[in-house]
>>> print(open('structure.cif').read())   # mmCIF, C-alpha atoms and all ligand atoms
data_query
#
loop_
_atom_site.label_atom_id
_atom_site.label_comp_id
_atom_site.auth_asym_id
_atom_site.auth_seq_id
_atom_site.Cartn_x
_atom_site.Cartn_y
_atom_site.Cartn_z
CA MET A 1414 60.97 132.38 12.23
CA SER A 1415 61.71 128.81 11.13
CA THR A 1416 59.85 126.93 13.87
CA THR A 1417 57.47 124.32 12.43
CA ILE A 1418 54.32 123.23 14.24
CA LEU A 1419 52.43 120.05 13.33
CA VAL A 1420 48.68 120.53 13.90
CA THR A 1421 46.55 117.38 13.71
CA GLY A 1422 42.90 117.59 12.67
CA ALA A 1423 43.63 120.82 10.81
CA THR A 1424 40.11 121.10 9.33
CA GLY A 1425 38.49 121.28 12.78
CA PHE A 1426 36.64 124.22 14.31
CA VAL A 1427 39.35 124.89 16.93
CA ALA A 1428 42.35 123.86 14.81
CA VAL A 1429 41.66 126.37 12.02
CA HIS A 1430 41.75 129.20 14.56
CA ALA A 1431 44.99 127.85 16.01
CA ILE A 1432 46.52 127.60 12.52
CA GLU A 1433 45.34 131.12 11.66
CA GLN A 1434 47.03 132.47 14.80
CA LEU A 1435 50.21 130.43 14.22
CA LEU A 1436 50.52 131.67 10.63
CA ALA A 1437 49.92 135.26 11.79
CA LYS A 1438 52.82 134.83 14.22
CA GLY A 1439 55.14 133.67 11.44
CA TYR A 1440 55.31 129.93 12.20
CA ASN A 1441 55.47 127.25 9.55
CA VAL A 1442 52.54 124.86 9.94
CA ILE A 1443 52.05 121.30 8.79
CA GLY A 1444 48.36 120.46 9.10
CA THR A 1445 47.08 116.90 8.97
CA VAL A 1446 43.76 116.33 7.17
CA ARG A 1447 41.83 113.22 6.29
CA ASP A 1448 41.82 113.95 2.57
CA GLN A 1449 44.58 116.16 1.33
CA HIS A 1450 43.09 116.28 -2.17
CA ASP A 1451 39.56 117.36 -1.24
CA PRO A 1452 39.43 121.11 -2.02
CA ALA A 1453 35.88 121.42 -0.65
CA ARG A 1454 36.92 120.20 2.82
CA ASN A 1455 40.19 122.11 2.94
CA ALA A 1456 39.30 125.39 1.17
CA HIS A 1457 38.91 127.31 4.46
CA LEU A 1458 42.47 126.35 5.38
CA THR A 1459 44.06 127.20 2.07
CA ALA A 1460 42.31 130.61 2.17
CA LEU A 1461 44.05 131.70 5.41
CA PRO A 1462 46.55 134.58 5.27
CA GLY A 1463 50.14 133.24 5.33
CA THR A 1464 49.09 130.02 3.65
CA GLU A 1465 52.44 129.88 1.81
CA ARG A 1466 53.79 128.63 5.19
CA LEU A 1467 51.05 125.99 5.50
CA LYS A 1468 51.51 122.46 4.18
CA LEU A 1469 48.62 119.99 4.31
CA VAL A 1470 49.40 116.29 4.68
CA GLN A 1471 47.15 113.28 4.94
CA ALA A 1472 46.61 111.33 8.17
CA ASP A 1473 43.77 109.30 9.64
CA LEU A 1474 43.95 108.56 13.36
CA LEU A 1475 43.24 104.91 12.65
CA ASP A 1476 46.04 104.53 10.09
CA PRO A 1477 49.10 102.60 11.25
CA ASP A 1478 51.73 105.18 12.19
CA PRO A 1479 50.05 108.20 10.51
CA PHE A 1480 52.38 110.90 11.90
CA SER A 1481 55.93 109.56 11.46
CA PRO A 1482 56.82 110.93 8.04
CA HIS A 1483 57.09 114.50 9.34
CA SER A 1484 60.63 114.83 10.64
CA ASP A 1485 60.84 118.61 10.16
CA VAL A 1486 58.63 119.34 13.17
CA ASP A 1487 59.59 121.26 16.32
CA GLN A 1488 56.36 121.26 18.30
CA ILE A 1489 52.94 119.63 17.97
CA LEU A 1490 49.31 120.55 18.62
CA HIS A 1491 47.29 117.32 18.73
CA MET A 1492 43.70 118.41 18.15
CA ALA A 1493 42.24 115.61 16.00
CA SER A 1494 39.63 113.52 17.78
CA PRO A 1495 36.04 112.67 16.89
CA TYR A 1496 33.69 115.14 18.61
CA VAL A 1497 30.28 113.49 18.25
CA ILE A 1498 27.71 112.82 20.95
CA ASN A 1499 25.67 110.07 19.22
CA VAL A 1500 27.50 107.25 17.43
CA LYS A 1501 26.58 103.69 16.43
CA ASN A 1502 29.58 102.00 17.98
CA PRO A 1503 31.31 104.07 20.72
CA GLN A 1504 34.42 101.86 20.87
CA ARG A 1505 35.00 101.92 17.12
CA ASP A 1506 33.77 105.45 16.39
CA LEU A 1507 35.08 107.34 19.46
CA VAL A 1508 37.49 105.50 21.74
CA ASP A 1509 39.65 103.80 19.11
CA PRO A 1510 40.45 106.93 17.07
CA ALA A 1511 40.90 109.09 20.20
CA VAL A 1512 43.26 106.69 21.99
CA MET A 1513 45.06 105.18 18.99
CA GLY A 1514 45.55 108.62 17.43
CA THR A 1515 47.04 110.05 20.63
CA LEU A 1516 49.40 107.12 21.07
CA SER A 1517 50.49 107.13 17.40
CA LEU A 1518 51.20 110.83 17.70
CA LEU A 1519 53.27 110.48 20.89
CA GLN A 1520 55.21 107.50 19.49
CA ALA A 1521 56.05 109.48 16.34
CA ALA A 1522 57.10 112.47 18.46
CA ALA A 1523 59.32 110.27 20.65
CA ARG A 1524 61.17 109.03 17.55
CA ASN A 1525 61.81 112.60 16.36
CA PRO A 1526 64.70 114.24 18.26
CA ARG A 1527 63.59 117.69 17.06
CA VAL A 1528 60.26 117.71 18.91
CA THR A 1529 60.43 119.68 22.17
CA ARG A 1530 56.78 119.87 23.21
CA VAL A 1531 53.44 118.25 22.45
CA VAL A 1532 50.22 120.05 23.42
CA VAL A 1533 47.18 117.76 23.45
CA THR A 1534 43.62 119.09 23.27
CA SER A 1535 41.76 117.13 25.88
CA SER A 1536 38.52 118.42 27.39
CA MET A 1537 36.74 119.23 30.62
CA VAL A 1538 35.01 115.91 30.05
CA ALA A 1539 38.27 114.23 31.08
CA LEU A 1540 37.87 115.96 34.46
CA THR A 1541 34.28 115.06 35.21
CA ASP A 1542 31.30 113.13 33.91
CA GLU A 1543 28.81 115.49 35.55
CA PRO A 1544 28.88 118.62 37.68
CA ASP A 1545 28.75 117.41 41.30
CA GLY A 1546 28.85 120.60 43.38
CA ARG A 1547 32.64 120.54 43.84
CA VAL A 1548 34.98 123.10 42.31
CA LEU A 1549 36.94 121.28 39.59
CA THR A 1550 40.69 121.68 39.47
CA GLU A 1551 43.38 120.14 37.28
CA ALA A 1552 43.69 117.32 39.85
CA ASP A 1553 40.24 115.94 38.93
CA TRP A 1554 39.64 112.94 36.68
CA ASN A 1555 36.42 111.62 35.18
CA THR A 1556 35.93 108.14 36.63
CA LYS A 1557 32.25 107.64 35.77
CA SER A 1558 31.88 107.76 31.99
CA THR A 1559 31.74 104.46 30.11
CA LEU A 1560 31.00 103.22 26.61
CA THR A 1561 27.28 103.61 27.40
CA ARG A 1562 27.33 106.62 29.74
CA ASN A 1563 28.60 109.77 27.99
CA PRO A 1564 30.80 107.80 25.57
CA TYR A 1565 32.42 110.92 24.05
CA TYR A 1566 33.52 111.83 27.59
CA PHE A 1567 34.90 108.32 27.98
CA SER A 1568 36.91 108.61 24.76
CA LYS A 1569 38.54 111.89 25.80
CA THR A 1570 39.31 110.60 29.30
CA ARG A 1571 40.88 107.42 27.94
CA ALA A 1572 42.92 109.37 25.38
CA GLU A 1573 44.28 111.84 27.95
CA ARG A 1574 45.05 109.05 30.42
CA ALA A 1575 46.87 107.19 27.66
CA ALA A 1576 48.96 110.31 26.97
CA TRP A 1577 50.06 110.77 30.60
CA ASP A 1578 50.70 107.01 30.97
CA PHE A 1579 52.88 107.14 27.85
CA MET A 1580 54.91 110.02 29.31
CA ALA A 1581 55.43 108.18 32.61
CA ARG A 1582 56.35 104.89 30.90
CA GLU A 1583 58.53 106.12 28.02
CA ASN A 1584 60.04 109.27 29.53
CA PRO A 1585 60.57 110.88 26.09
CA ARG A 1586 62.73 113.96 25.45
CA PHE A 1587 59.75 116.26 24.76
CA ASP A 1588 57.29 117.44 27.39
CA LEU A 1589 53.50 117.21 27.33
CA VAL A 1590 51.02 119.97 28.11
CA VAL A 1591 47.25 119.37 28.03
CA ILE A 1592 44.47 121.91 27.50
CA ASN A 1593 41.04 120.99 28.91
CA PRO A 1594 38.44 123.32 27.33
CA PHE A 1595 34.77 123.41 28.28
CA LEU A 1596 32.18 124.09 25.54
CA VAL A 1597 33.90 125.92 22.70
CA ILE A 1598 31.83 128.45 20.75
CA GLY A 1599 32.49 131.44 18.52
CA PRO A 1600 32.94 132.17 14.83
CA ALA A 1601 33.76 129.30 12.47
CA HIS A 1602 35.93 129.38 9.36
CA SER A 1603 33.64 127.04 7.43
CA LYS A 1604 29.99 126.11 7.14
CA ALA A 1605 30.53 122.92 9.15
CA LEU A 1606 28.42 123.28 12.29
CA SER A 1607 30.43 122.40 15.39
CA THR A 1608 28.73 120.18 17.98
CA SER A 1609 29.05 122.92 20.60
CA SER A 1610 27.77 125.87 18.51
CA ALA A 1611 24.88 123.65 17.38
CA ILE A 1612 23.32 124.30 20.83
CA PHE A 1613 22.33 127.78 19.60
CA ALA A 1614 21.27 126.64 16.13
CA ASP A 1615 19.08 124.01 17.78
CA MET A 1616 17.46 126.60 20.07
CA LEU A 1617 16.63 128.90 17.14
CA ASN A 1618 15.50 126.06 14.87
CA GLY A 1619 12.95 124.58 17.28
CA LYS A 1620 14.88 121.48 18.31
CA TYR A 1621 14.55 122.23 22.04
CA PRO A 1622 10.89 121.63 22.95
CA VAL A 1623 11.11 123.33 26.35
CA ILE A 1624 13.41 125.51 28.46
CA MET A 1625 15.44 123.20 30.69
CA ASP A 1626 17.71 123.71 33.70
CA LEU A 1627 20.90 123.40 31.65
CA ASN A 1628 23.99 125.38 32.65
CA TRP A 1629 26.83 125.48 30.20
CA ALA A 1630 30.41 126.65 30.75
CA PHE A 1631 31.48 128.37 27.53
CA VAL A 1632 34.84 129.40 26.15
CA ASP A 1633 35.53 131.30 22.94
CA VAL A 1634 37.30 129.41 20.16
CA ARG A 1635 39.74 132.31 19.67
CA ASP A 1636 40.74 132.12 23.34
CA VAL A 1637 41.11 128.32 23.17
CA ALA A 1638 43.41 128.71 20.16
CA ALA A 1639 45.43 131.38 21.99
CA ALA A 1640 45.73 129.10 25.04
CA HIS A 1641 47.19 126.32 22.88
CA ILE A 1642 49.75 128.67 21.37
CA ALA A 1643 50.67 130.05 24.80
CA ALA A 1644 51.14 126.43 25.91
CA LEU A 1645 53.62 125.94 23.04
CA GLU A 1646 55.44 129.21 23.69
CA THR A 1647 55.66 129.23 27.50
CA PRO A 1648 58.68 127.17 28.55
CA THR A 1649 57.34 126.73 32.10
CA ALA A 1650 53.89 125.49 30.98
CA ASN A 1651 53.20 122.14 32.61
CA GLY A 1652 50.48 119.61 33.23
CA ARG A 1653 46.82 120.23 32.51
CA TYR A 1654 44.96 123.52 32.07
CA ILE A 1655 41.25 124.05 32.66
CA CYS A 1656 40.23 126.41 29.86
CA THR A 1657 36.89 128.19 30.18
CA SER A 1658 35.30 131.59 30.63
CA GLU A 1659 32.01 131.43 32.53
CA ASN A 1660 28.64 129.74 32.89
CA TYR A 1661 25.55 130.74 30.95
CA SER A 1662 22.24 128.93 31.36
CA MET A 1663 19.69 127.96 28.73
CA ARG A 1664 17.30 130.55 30.25
CA GLN A 1665 19.97 133.30 29.96
CA SER A 1666 20.77 132.20 26.39
CA ILE A 1667 17.15 132.49 25.33
CA ASP A 1668 16.84 135.91 26.97
CA LEU A 1669 19.97 137.06 25.10
CA ILE A 1670 18.69 135.70 21.77
CA LYS A 1671 15.46 137.64 22.27
CA ARG A 1672 17.28 140.79 23.39
CA LEU A 1673 19.44 140.71 20.25
CA GLY A 1674 16.30 140.58 18.09
CA TYR A 1675 16.49 137.07 16.59
CA PRO A 1676 13.19 135.48 15.53
CA THR A 1677 11.43 133.97 18.54
CA ARG A 1678 8.92 131.77 16.66
CA LYS A 1679 10.81 128.49 17.15
CA LEU A 1680 12.42 129.25 20.52
CA PRO A 1681 11.20 127.04 23.36
CA LYS A 1682 8.54 128.80 25.44
CA LEU A 1683 7.43 126.33 28.09
CA ASP A 1684 9.71 126.75 31.10
CA LEU A 1685 10.54 123.41 32.72
CA SER A 1686 13.69 124.62 34.45
CA GLY A 1687 12.33 124.12 37.98
CA PRO A 1688 12.86 120.92 40.06
CA ILE A 1689 9.64 119.23 38.83
CA GLY A 1690 10.43 120.12 35.22
CA THR A 1691 13.95 118.73 35.65
CA ALA A 1692 12.56 115.43 36.99
CA LEU A 1693 10.18 115.26 34.02
CA MET A 1694 12.96 116.02 31.53
CA LYS A 1695 15.17 113.31 33.05
CA LEU A 1696 12.37 110.81 32.41
CA ALA A 1697 11.86 112.18 28.89
CA SER A 1698 15.60 111.84 28.21
CA TYR A 1699 15.10 108.07 27.82
CA THR A 1700 13.25 108.78 24.56
CA GLN A 1701 16.37 110.52 23.12
CA ARG A 1702 19.29 108.92 21.30
CA SER A 1703 21.55 107.28 23.87
CA GLY A 1704 24.36 109.87 23.78
CA THR A 1705 21.94 112.80 24.16
CA GLY A 1706 19.93 110.94 26.81
CA SER A 1707 22.88 110.14 29.07
CA HIS A 1708 24.19 113.69 28.66
CA LEU A 1709 20.85 115.15 29.74
CA ARG A 1710 20.54 112.86 32.77
CA SER A 1711 24.02 113.77 33.99
CA HIS A 1712 23.69 117.53 33.40
CA LEU A 1713 20.07 118.62 34.02
CA GLY A 1714 19.77 120.71 37.17
CA ARG A 1715 23.54 120.84 37.75
CA THR A 1716 25.98 123.76 37.49
CA PRO A 1717 29.65 123.33 36.59
CA LEU A 1718 32.11 124.83 39.08
CA TYR A 1719 35.79 125.19 38.21
CA ASP A 1720 39.00 126.98 39.07
CA THR A 1721 40.71 128.70 36.12
CA SER A 1722 43.49 130.35 38.09
CA LYS A 1723 46.25 128.07 36.70
CA ILE A 1724 45.73 128.96 33.01
CA LYS A 1725 45.46 132.67 33.87
CA ALA A 1726 48.61 132.67 36.01
CA ASP A 1727 50.82 130.34 33.93
CA LEU A 1728 49.72 131.17 30.39
CA GLY A 1729 48.41 134.73 30.84
CA ILE A 1730 45.09 133.89 29.19
CA THR A 1731 42.12 136.24 29.58
CA PHE A 1732 38.71 135.07 28.42
CA ARG A 1733 36.01 136.84 26.45
CA SER A 1734 32.69 136.92 28.31
CA ALA A 1735 30.13 134.22 27.51
CA GLU A 1736 27.71 136.93 26.36
CA SER A 1737 30.11 138.36 23.79
CA SER A 1738 31.05 134.88 22.50
CA ILE A 1739 27.39 133.86 22.19
CA THR A 1740 26.64 137.13 20.38
CA ASP A 1741 29.45 136.40 17.89
CA THR A 1742 28.35 132.75 17.57
CA LEU A 1743 24.80 133.78 16.69
CA ALA A 1744 26.01 136.25 14.05
CA ASP A 1745 28.25 133.54 12.60
CA LEU A 1746 25.40 131.01 12.49
CA VAL A 1747 23.44 133.56 10.43
CA LYS A 1748 26.44 134.13 8.14
CA TRP A 1749 26.64 130.40 7.33
CA GLY A 1750 22.87 130.05 6.89
CA HIS A 1751 22.27 127.87 9.96
CA VAL A 1752 19.76 130.22 11.58
CA PRO A 1753 17.56 133.09 10.36
CA PRO A 1754 18.89 136.66 10.73
CA ILE A 1755 17.89 139.31 13.26
CA LEU A 1756 14.43 140.72 12.45
CA SER A 1757 14.68 144.15 10.88
P1 LIG B 1 35.83 119.28 15.03
O1 LIG B 1 35.56 120.53 14.29
O2 LIG B 1 34.89 118.14 14.86
O3 LIG B 1 37.31 118.82 14.74
C1 LIG B 1 37.75 117.52 14.97
C2 LIG B 1 38.91 117.25 14.06
O4 LIG B 1 39.33 115.89 14.27
C3 LIG B 1 38.54 117.38 12.57
O5 LIG B 1 39.62 117.93 11.88
C4 LIG B 1 38.34 115.92 12.16
O6 LIG B 1 38.61 115.67 10.79
C5 LIG B 1 39.42 115.25 13.01
N1 LIG B 1 39.17 113.82 13.11
C6 LIG B 1 38.13 113.18 13.67
N2 LIG B 1 38.26 111.84 13.51
C7 LIG B 1 39.42 111.65 12.82
C8 LIG B 1 40.11 110.52 12.33
N3 LIG B 1 39.65 109.27 12.50
N4 LIG B 1 41.27 110.72 11.67
C9 LIG B 1 41.77 111.96 11.46
N5 LIG B 1 41.16 113.08 11.88
C10 LIG B 1 40.00 112.92 12.56
O7 LIG B 1 35.87 119.54 16.61
P2 LIG B 1 36.56 120.70 17.43
O8 LIG B 1 35.50 121.33 18.24
O9 LIG B 1 37.42 121.56 16.58
O10 LIG B 1 37.47 119.83 18.40
C11 LIG B 1 38.88 119.86 18.33
C12 LIG B 1 39.43 119.19 19.56
O11 LIG B 1 38.95 119.90 20.70
C13 LIG B 1 38.95 117.75 19.74
O12 LIG B 1 40.02 117.02 20.30
C14 LIG B 1 37.81 117.88 20.74
O13 LIG B 1 37.61 116.68 21.46
C15 LIG B 1 38.34 119.00 21.60
N6 LIG B 1 37.34 119.74 22.36
C16 LIG B 1 36.33 120.38 21.72
C17 LIG B 1 35.41 121.09 22.46
C18 LIG B 1 34.27 121.82 21.81
O14 LIG B 1 33.34 122.24 22.53
N7 LIG B 1 34.27 122.05 20.49
C19 LIG B 1 35.52 121.15 23.86
C20 LIG B 1 36.58 120.50 24.47
C21 LIG B 1 37.49 119.80 23.72
P3 LIG B 1 37.44 115.80 9.67
O15 LIG B 1 37.29 117.28 9.41
O16 LIG B 1 37.99 115.06 8.52
O17 LIG B 1 36.21 115.18 10.27
#
>>> encode(input="structure.cif", output="structure tokens")
Amino acid sequence: MSTTILVTGATGFVAVHAIEQLLAKGYNVIGTVRDQHDPARNAHLTALPGTERLKLVQADLLDPDPFSPHSDVDQILHMASPYVINVKNPQRDLVDPAVMGTLSLLQAAARNPRVTRVVVTSSMVALTDEPDGRVLTEADWNTKSTLTRNPYYFSKTRAERAAWDFMARENPRFDLVVINPFLVIGPAHSKALSTSSAIFADMLNGKYPVIMDLNWAFVDVRDVAAAHIAALETPTANGRYICTSENYSMRQSIDLIKRLGYPTRKLPKLDLSGPIGTALMKLASYTQRSGTGSHLRSHLGRTPLYDTSKIKADLGITFRSAESSITDTLADLVKWGHVPPILS
């Protein structure tokens, strides 16, 4: 097969899985990284099977025109975007790279007659700022996040909006498909701890002082990667795709961790997951860093609801259960030394 896929943010937690699956399917891959000559940051990529069909090139989202030089590209996965909850300057550190990177990528694609499809990794955070009791569908947009309220959410919403606006304004030859994953967990290819899997490391390492009424919607990184590839390969794929498996609460997560035999010494014990505890935790959230605080206030005591029928019907994706993904995440956190192993 001589099809070449450009994958931006190739070092990332999700992107490495996508590249692994693309190489296994025989594609040629051009992966963009921030430092092409840093073996320590790129070693997990160059160790993948099929790496003779992988070329790494340098690109920073804030560079002027970082993606143009690659004319030998047929399709694109745009995955690079800063995924950080607490930053010093949300405009500079989150919104600028997310929006400028997406626009640079689409402009480069529009100049390249070979490109037929661009798949952008957006997020559920572009659908909603907080669970509000309604069932989310692909028609929903986050209208509440700002530079001070869930700024990461704001950056992803602005970037996805910019992508659809570009398509409407420029009417390029390629088409755009967007994947909107919820919290991505699962095994990592490198020691770097992803923001989402850190939830479990934090629970086991004593960073959660109490059990809170938090309800997460999880999706396995291997399924997210497969969804992106299905979006490239399915000619009829269109629009946005909510990409998630199922909800799992903090209480359920702690019960699973205990059931699997992980050390319980640092796990939170005090249960403040009732209505009074939630009110107390919302007050306490003002003592947290601003990104964590606004996230807690918009998510405590709320349960995400969503409709995943479109991705299942159009792209044929089936999702691993949250329990099996969390089990694999925990084992992987042990493998990389982030948490202590199961007690023998
Ligand atoms: P990740 O491991 O932090 O990967 C992010 C990637 O973006 C990294 O390769 C990073 O490069 C790159 N990047 C960040 N800022 C950049 C810049 N200024 N220039 C060039 N590259 C830059 O996060 P991830 O979980 O794999 O996320 C991948 C995509 O999925 C992101 O678009 C994220 O918003 C989205 N997403 C993630 C989740 C989740 O729960 N993980 C959920 C929904 C959507 P470096 O390695 O050099 O930092």
>>> closest_residue(input="structure.cif", among="A:Leu1419, A:Ala1611, A:Ala1460, A:Ile1432", to="A:Arg1635", atoms="all atoms listed in the file")
A:Ile1432
>>> residues_near_point(input="structure.cif", point="(38.1, 118.6, 32.5)", cutoff="10 Å", atoms="only C-alpha atoms", output="list in words")
Ser1535, Ser1536, Met1537, Val1538, Ala1539, Leu1540, Thr1541, Asp1542, Leu1549, Thr1550, Glu1551, Ala1552, Asp1553, Trp1554, Asn1555, Tyr1566, Lys1569, Thr1570, Ile1592, Asn1593, Pro1594, Phe1595, Arg1653, Tyr1654, Ile1655, Cys1656, Thr1657 and Tyr1719 of chain A
>>> closest_atom_pairs(input="structure.cif", of="chain A", to="ligand LIG 1 (chain B)", cutoff="7 Å", atoms="only C-alpha atoms and all ligand atoms", output="CSV")
residue,atom,partner,partner_atom,distance
A:Gly1422,CA,B:LIG1,O5,3.4
A:Ala1423,CA,B:LIG1,O5,5.1
A:Thr1424,CA,B:LIG1,O5,4.1
A:Gly1425,CA,B:LIG1,O3,3.4
A:Phe1426,CA,B:LIG1,O9,3.6
A:Val1427,CA,B:LIG1,O9,3.9
A:Ala1428,CA,B:LIG1,O9,5.7
A:Val1446,CA,B:LIG1,O16,6.1
A:Arg1447,CA,B:LIG1,O16,4.8
A:Ala1472,CA,B:LIG1,C9,5.9
A:Asp1473,CA,B:LIG1,N4,3.5
A:Leu1474,CA,B:LIG1,N4,3.8
A:Leu1475,CA,B:LIG1,N3,5.6
A:Met1492,CA,B:LIG1,O12,4.5
A:Ala1493,CA,B:LIG1,O4,3.4
A:Ser1494,CA,B:LIG1,O4,4.2
A:Pro1495,CA,B:LIG1,C6,3.9
A:Tyr1496,CA,B:LIG1,O2,5.0
A:Pro1510,CA,B:LIG1,N3,5.2
A:Thr1534,CA,B:LIG1,O12,5.1
A:Ser1535,CA,B:LIG1,C21,5.5
A:Ser1536,CA,B:LIG1,C21,4.1
A:Met1537,CA,B:LIG1,C20,6.3
A:Lys1569,CA,B:LIG1,O13,6.5
A:Asn1593,CA,B:LIG1,C20,6.3
A:Pro1594,CA,B:LIG1,C20,4.4
A:Phe1595,CA,B:LIG1,C19,5.0
A:Leu1596,CA,B:LIG1,O14,3.7
A:Val1597,CA,B:LIG1,O14,3.7
A:Ile1598,CA,B:LIG1,O14,6.6
A:Ser1607,CA,B:LIG1,O1,5.6
A:Thr1608,CA,B:LIG1,N7,6.4
A:Ser1609,CA,B:LIG1,O14,4.8
>>> residues_around(input="structure.cif", residues="A:Val1420", least_positions_apart="5", cutoff="6 Å", atoms="all atoms listed in the file", output="list in words")
Gly1444, Ile1489, Leu1490 and His1491 of chain A
>>> atom_distance(input="structure.cif", atom1="atom CA of A:Pro1544", atom2="atom CA of A:Trp1629")
10.4 Å
>>> atom_distance(input="structure.cif", atom1="atom CA of A:Arg1715", atom2="atom CA of A:Gly1674")
28.8 Å
>>> residues_around(input="structure.cif", residues="A:Ala1744", least_positions_apart="3", cutoff="12 Å", atoms="only C-alpha atoms", output="PDB file with C-alpha atoms, keeping the file's coordinate frame")
ATOM      1  CA  ILE A1598      31.830 128.450  20.750  1.00  0.00           C
ATOM      2  CA  GLY A1599      32.490 131.440  18.520  1.00  0.00           C
ATOM      3  CA  PRO A1600      32.940 132.170  14.830  1.00  0.00           C
ATOM      4  CA  ALA A1601      33.760 129.300  12.470  1.00  0.00           C
ATOM      5  CA  SER A1610      27.770 125.870  18.510  1.00  0.00           C
ATOM      6  CA  PHE A1613      22.330 127.780  19.600  1.00  0.00           C
ATOM      7  CA  ALA A1614      21.270 126.640  16.130  1.00  0.00           C
ATOM      8  CA  ILE A1670      18.690 135.700  21.770  1.00  0.00           C
ATOM      9  CA  LEU A1673      19.440 140.710  20.250  1.00  0.00           C
ATOM     10  CA  GLY A1674      16.300 140.580  18.090  1.00  0.00           C
ATOM     11  CA  TYR A1675      16.490 137.070  16.590  1.00  0.00           C
ATOM     12  CA  SER A1737      30.110 138.360  23.790  1.00  0.00           C
ATOM     13  CA  SER A1738      31.050 134.880  22.500  1.00  0.00           C
ATOM     14  CA  ILE A1739      27.390 133.860  22.190  1.00  0.00           C
ATOM     15  CA  THR A1740      26.640 137.130  20.380  1.00  0.00           C
ATOM     16  CA  ASP A1741      29.450 136.400  17.890  1.00  0.00           C
ATOM     17  CA  VAL A1747      23.440 133.560  10.430  1.00  0.00           C
ATOM     18  CA  LYS A1748      26.440 134.130   8.140  1.00  0.00           C
ATOM     19  CA  TRP A1749      26.640 130.400   7.330  1.00  0.00           C
ATOM     20  CA  GLY A1750      22.870 130.050   6.890  1.00  0.00           C
ATOM     21  CA  HIS A1751      22.270 127.870   9.960  1.00  0.00           C
ATOM     22  CA  VAL A1752      19.760 130.220  11.580  1.00  0.00           C
ATOM     23  CA  PRO A1753      17.560 133.090  10.360  1.00  0.00           C
ATOM     24  CA  PRO A1754      18.890 136.660  10.730  1.00  0.00           C
ATOM     25  CA  ILE A1755      17.890 139.310  13.260  1.00  0.00           C
TER      26      ILE A1755
END
